[in-house]
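Visitor: Have a look at this one.
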Amino acid sequence: MTCLKLQHLNFFKVPLNTKIYDSHENVFIYFSDSDFLIHVFNIQTCNIYTIDVSVVKNKSIPTAISISPTHTIIAVGFENGSIFLYSTQNQKFSKVKMKMKPTPVVSLSFISDTLLIEANQDKTLTAYT
């Protein structure tokens, strides 16, 4: 039987209404409605960098966020059903899709760097490559 040993690694303050969305190998992502920034935190280096979601001019709130296994792409799903990809190398967003019938993105998950799975509120799973 394996036990998980919990250990206090670091402490920092986050804004109210903060939601943790995803993690891969020592990196996790959190988002706060109060500052409209995605924060990417590396547990090993204790580095935090931020991504301004307002630059996509989507007029919608992020509802799902996922980071690729190699930390090169961050997928952001919105309440209006659109999905944007953020390149951590170029530091730019690009739109993946915009639905004709807006259905909120409920969950995003990278299976690999080239395969993203989306679940939306109408109970549909979609794979993107």
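For the structure tokens, the naming scheme is as follows: chains receive sequential letters (A, B, ...) according to their order of presentation, residues are indexed from 1 within each chain, and ligands are indexed from 1 in presentation order.
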Give me the residues near A:Leu37 as number ranges by chain, where near means some atom within 12 Å (using only C-alpha atoms) and where sequence neighbours in that chain fewer than 3 positions away do not count.

Guide: A: 14-15, 17-19, 29-34, 40, 48-56, 61-62, 65, 76

Visitor: Contacts of A:Ala64 at 7 Å or less, counting only C-alpha atoms, minus same-chain residues fewer than 5 places along, as a list in words?

Guide: Tyr21, Val76, Gly77, Phe78, Val105, Val106, Ser107 and Leu108 of chain A

Visitor: Choose the residue, out of A:Ile83, A:Lys59, A:Ser94, A:Asn26, that has the smallest atom-to-atom separation from A:Cys46; count only C-alpha atoms.

Guide: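 Using only C-alpha atoms, the shortest distance to A:Cys46 belongs to A:Asn26.
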
Visitor: Within chain A, find each residue whose DSSP state, derived from the backbone, is helix (DSSP H, G or I), and express the selection as a count of residues only.

Guide: 4

Visitor: List the spatial neighbours of stretch 66-68 of chain A as a PDB file with N, CA and C atoms, in the first residue's frame - criterion: any atom at most 10 Å away, only C-alpha atoms, same-chain residues fewer than 3 positions off excluded.

Guide:
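Below is the file that was written, part_13.pdb:
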ATOM      1  N   TYR A  21      -7.123  24.793 -11.949  1.00  0.00           N
ATOM      2  CA  TYR A  21      -7.680  24.078 -13.089  1.00  0.00           C
ATOM      3  C   TYR A  21      -6.922  22.836 -13.508  1.00  0.00           C
ATOM      4  N   ASP A  22      -5.616  22.880 -13.555  1.00  0.00           N
ATOM      5  CA  ASP A  22      -4.894  21.764 -14.154  1.00  0.00           C
ATOM      6  C   ASP A  22      -3.487  21.717 -13.589  1.00  0.00           C
ATOM      7  N   SER A  23      -2.865  20.558 -13.721  1.00  0.00           N
ATOM      8  CA  SER A  23      -1.475  20.422 -13.316  1.00  0.00           C
ATOM      9  C   SER A  23      -0.812  19.311 -14.121  1.00  0.00           C
ATOM     10  N   HIS A  24       0.451  19.497 -14.373  1.00  0.00           N
ATOM     11  CA  HIS A  24       1.292  18.497 -15.035  1.00  0.00           C
ATOM     12  C   HIS A  24       2.695  18.662 -14.491  1.00  0.00           C
ATOM     13  N   VAL A  27       3.815  21.698 -12.332  1.00  0.00           N
ATOM     14  CA  VAL A  27       3.238  22.969 -12.771  1.00  0.00           C
ATOM     15  C   VAL A  27       1.732  22.899 -12.577  1.00  0.00           C
ATOM     16  N   PHE A  28       1.153  23.953 -12.009  1.00  0.00           N
ATOM     17  CA  PHE A  28      -0.303  24.009 -11.953  1.00  0.00           C
ATOM     18  C   PHE A  28      -0.782  25.390 -12.351  1.00  0.00           C
ATOM     19  N   ILE A  29      -2.061  25.443 -12.753  1.00  0.00           N
ATOM     20  CA  ILE A  29      -2.655  26.668 -13.274  1.00  0.00           C
ATOM     21  C   ILE A  29      -3.815  27.069 -12.380  1.00  0.00           C
ATOM     22  N   TYR A  30      -3.893  28.359 -12.095  1.00  0.00           N
ATOM     23  CA  TYR A  30      -5.074  28.861 -11.394  1.00  0.00           C
ATOM     24  C   TYR A  30      -5.520  30.162 -12.036  1.00  0.00           C
ATOM     25  N   VAL A  40       0.384  30.646 -13.886  1.00  0.00           N
ATOM     26  CA  VAL A  40       1.027  29.349 -14.051  1.00  0.00           C
ATOM     27  C   VAL A  40       2.153  29.287 -13.021  1.00  0.00           C
ATOM     28  N   HIS A  71       4.146  21.664 -21.300  1.00  0.00           N
ATOM     29  CA  HIS A  71       3.954  23.051 -20.850  1.00  0.00           C
ATOM     30  C   HIS A  71       4.131  24.077 -21.959  1.00  0.00           C
ATOM     31  N   THR A  72       3.938  23.688 -23.202  1.00  0.00           N
ATOM     32  CA  THR A  72       4.115  24.620 -24.324  1.00  0.00           C
ATOM     33  C   THR A  72       2.805  25.235 -24.792  1.00  0.00           C
ATOM     34  N   ILE A  73       1.675  24.615 -24.432  1.00  0.00           N
ATOM     35  CA  ILE A  73       0.361  25.094 -24.873  1.00  0.00           C
ATOM     36  C   ILE A  73      -0.590  25.111 -23.678  1.00  0.00           C
ATOM     37  N   ILE A  74      -1.364  26.187 -23.578  1.00  0.00           N
ATOM     38  CA  ILE A  74      -2.419  26.270 -22.579  1.00  0.00           C
ATOM     39  C   ILE A  74      -3.736  26.464 -23.332  1.00  0.00           C
ATOM     40  N   ALA A  75      -4.685  25.573 -23.098  1.00  0.00           N
ATOM     41  CA  ALA A  75      -6.010  25.679 -23.720  1.00  0.00           C
ATOM     42  C   ALA A  75      -6.944  26.352 -22.722  1.00  0.00           C
ATOM     43  N   VAL A  76      -7.720  27.323 -23.230  1.00  0.00           N
ATOM     44  CA  VAL A  76      -8.666  28.047 -22.385  1.00  0.00           C
ATOM     45  C   VAL A  76     -10.045  27.950 -23.027  1.00  0.00           C
ATOM     46  N   GLY A  77     -10.994  27.349 -22.319  1.00  0.00           N
ATOM     47  CA  GLY A  77     -12.376  27.247 -22.778  1.00  0.00           C
ATOM     48  C   GLY A  77     -13.222  28.288 -22.077  1.00  0.00           C
ATOM     49  N   LEU A  85      -6.085  28.741 -27.752  1.00  0.00           N
ATOM     50  CA  LEU A  85      -4.822  28.139 -27.340  1.00  0.00           C
ATOM     51  C   LEU A  85      -3.809  29.250 -27.118  1.00  0.00           C
ATOM     52  N   TYR A  86      -3.035  29.111 -26.062  1.00  0.00           N
ATOM     53  CA  TYR A  86      -1.982  30.067 -25.753  1.00  0.00           C
ATOM     54  C   TYR A  86      -0.648  29.354 -25.880  1.00  0.00           C
ATOM     55  N   THR A  88       3.070  29.145 -24.947  1.00  0.00           N
ATOM     56  CA  THR A  88       3.974  29.677 -23.936  1.00  0.00           C
ATOM     57  C   THR A  88       5.300  30.102 -24.560  1.00  0.00           C
ATOM     58  N   SER A 107     -14.913  21.273 -19.393  1.00  0.00           N
ATOM     59  CA  SER A 107     -13.625  20.684 -19.043  1.00  0.00           C
ATOM     60  C   SER A 107     -12.751  20.570 -20.284  1.00  0.00           C
ATOM     61  N   LEU A 108     -11.455  20.766 -20.095  1.00  0.00           N
ATOM     62  CA  LEU A 108     -10.455  20.554 -21.142  1.00  0.00           C
ATOM     63  C   LEU A 108      -9.345  19.691 -20.565  1.00  0.00           C
ATOM     64  N   SER A 109      -8.828  18.775 -21.380  1.00  0.00           N
ATOM     65  CA  SER A 109      -7.733  17.931 -20.910  1.00  0.00           C
ATOM     66  C   SER A 109      -6.833  17.555 -22.075  1.00  0.00           C
ATOM     67  N   PHE A 110      -5.551  17.816 -21.919  1.00  0.00           N
ATOM     68  CA  PHE A 110      -4.582  17.358 -22.920  1.00  0.00           C
ATOM     69  C   PHE A 110      -4.245  15.907 -22.637  1.00  0.00           C
ATOM     70  N   ILE A 111      -4.422  15.054 -23.649  1.00  0.00           N
ATOM     71  CA  ILE A 111      -3.999  13.661 -23.563  1.00  0.00           C
ATOM     72  C   ILE A 111      -2.522  13.579 -23.934  1.00  0.00           C
ATOM     73  N   SER A 112      -2.131  14.414 -24.901  1.00  0.00           N
ATOM     74  CA  SER A 112      -0.737  14.575 -25.317  1.00  0.00           C
ATOM     75  C   SER A 112      -0.605  16.010 -25.815  1.00  0.00           C
ATOM     76  N   ASP A 113       0.565  16.383 -26.295  1.00  0.00           N
ATOM     77  CA  ASP A 113       0.726  17.745 -26.818  1.00  0.00           C
ATOM     78  C   ASP A 113      -0.073  17.984 -28.087  1.00  0.00           C
ATOM     79  N   THR A 114      -0.519  16.916 -28.724  1.00  0.00           N
ATOM     80  CA  THR A 114      -1.257  17.070 -29.980  1.00  0.00           C
ATOM     81  C   THR A 114      -2.701  16.592 -29.903  1.00  0.00           C
ATOM     82  N   LEU A 115      -3.185  16.226 -28.719  1.00  0.00           N
ATOM     83  CA  LEU A 115      -4.561  15.758 -28.576  1.00  0.00           C
ATOM     84  C   LEU A 115      -5.206  16.418 -27.354  1.00  0.00           C
ATOM     85  N   LEU A 116      -6.249  17.219 -27.627  1.00  0.00           N
ATOM     86  CA  LEU A 116      -6.994  17.929 -26.593  1.00  0.00           C
ATOM     87  C   LEU A 116      -8.430  17.422 -26.586  1.00  0.00           C
ATOM     88  N   ILE A 117      -8.947  17.116 -25.411  1.00  0.00           N
ATOM     89  CA  ILE A 117     -10.325  16.654 -25.263  1.00  0.00           C
ATOM     90  C   ILE A 117     -11.134  17.762 -24.590  1.00  0.00           C
TER      91      ILE A 117
END

Visitor: Distance atom CA of A:Asn42-atom CA of A:Thr70, one decimal place?

Guide: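 Between these atoms lies a distance of 12.6 Å.
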
Visitor: Give me, please, the distance in Å between atom CA of A:Asn90 and atom CA of A:Thr126, quoted to one decimal.

Guide: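 We find that atom CA of A:Asn90 and atom CA of A:Thr126 lie 25.9 Å from each other.
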
Visitor: From a backbone DSSP assignment, name each residue in chain A labelled strand (DSSP E), as a PyMOL selection string.

Guide: chain A and resi 18-24+27-32+37-42+47-52+62-67+73-78+83-87+92-97+105-112+115-120+125-128

Visitor: Between A:Phe93, A:Gln44, A:Pro104, A:Lys57, which is the closest to A:Asn80 once you count only C-alpha atoms?

Guide: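 Looking at the shortest contact to A:Asn80, the residue is A:Pro104.
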
Visitor: Compare A:Gln89, A:Gln121, A:Phe41, A:Val96 by their minimum atom-to-atom distance to A:Thr63, counting only C-alpha atoms, and give me the closest one.

Guide: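 Going through A:Gln89, A:Gln121, A:Phe41, A:Val96 one by one, the smallest distance to A:Thr63 is for A:Gln121.
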
Visitor: Kindly give the distance, in Å, that separates atom CA of A:Glu79 and atom CA of A:Gln91, rounded to a single decimal.

Guide: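 Going from atom CA of A:Glu79 over to atom CA of A:Gln91, I get 22.6 Å.
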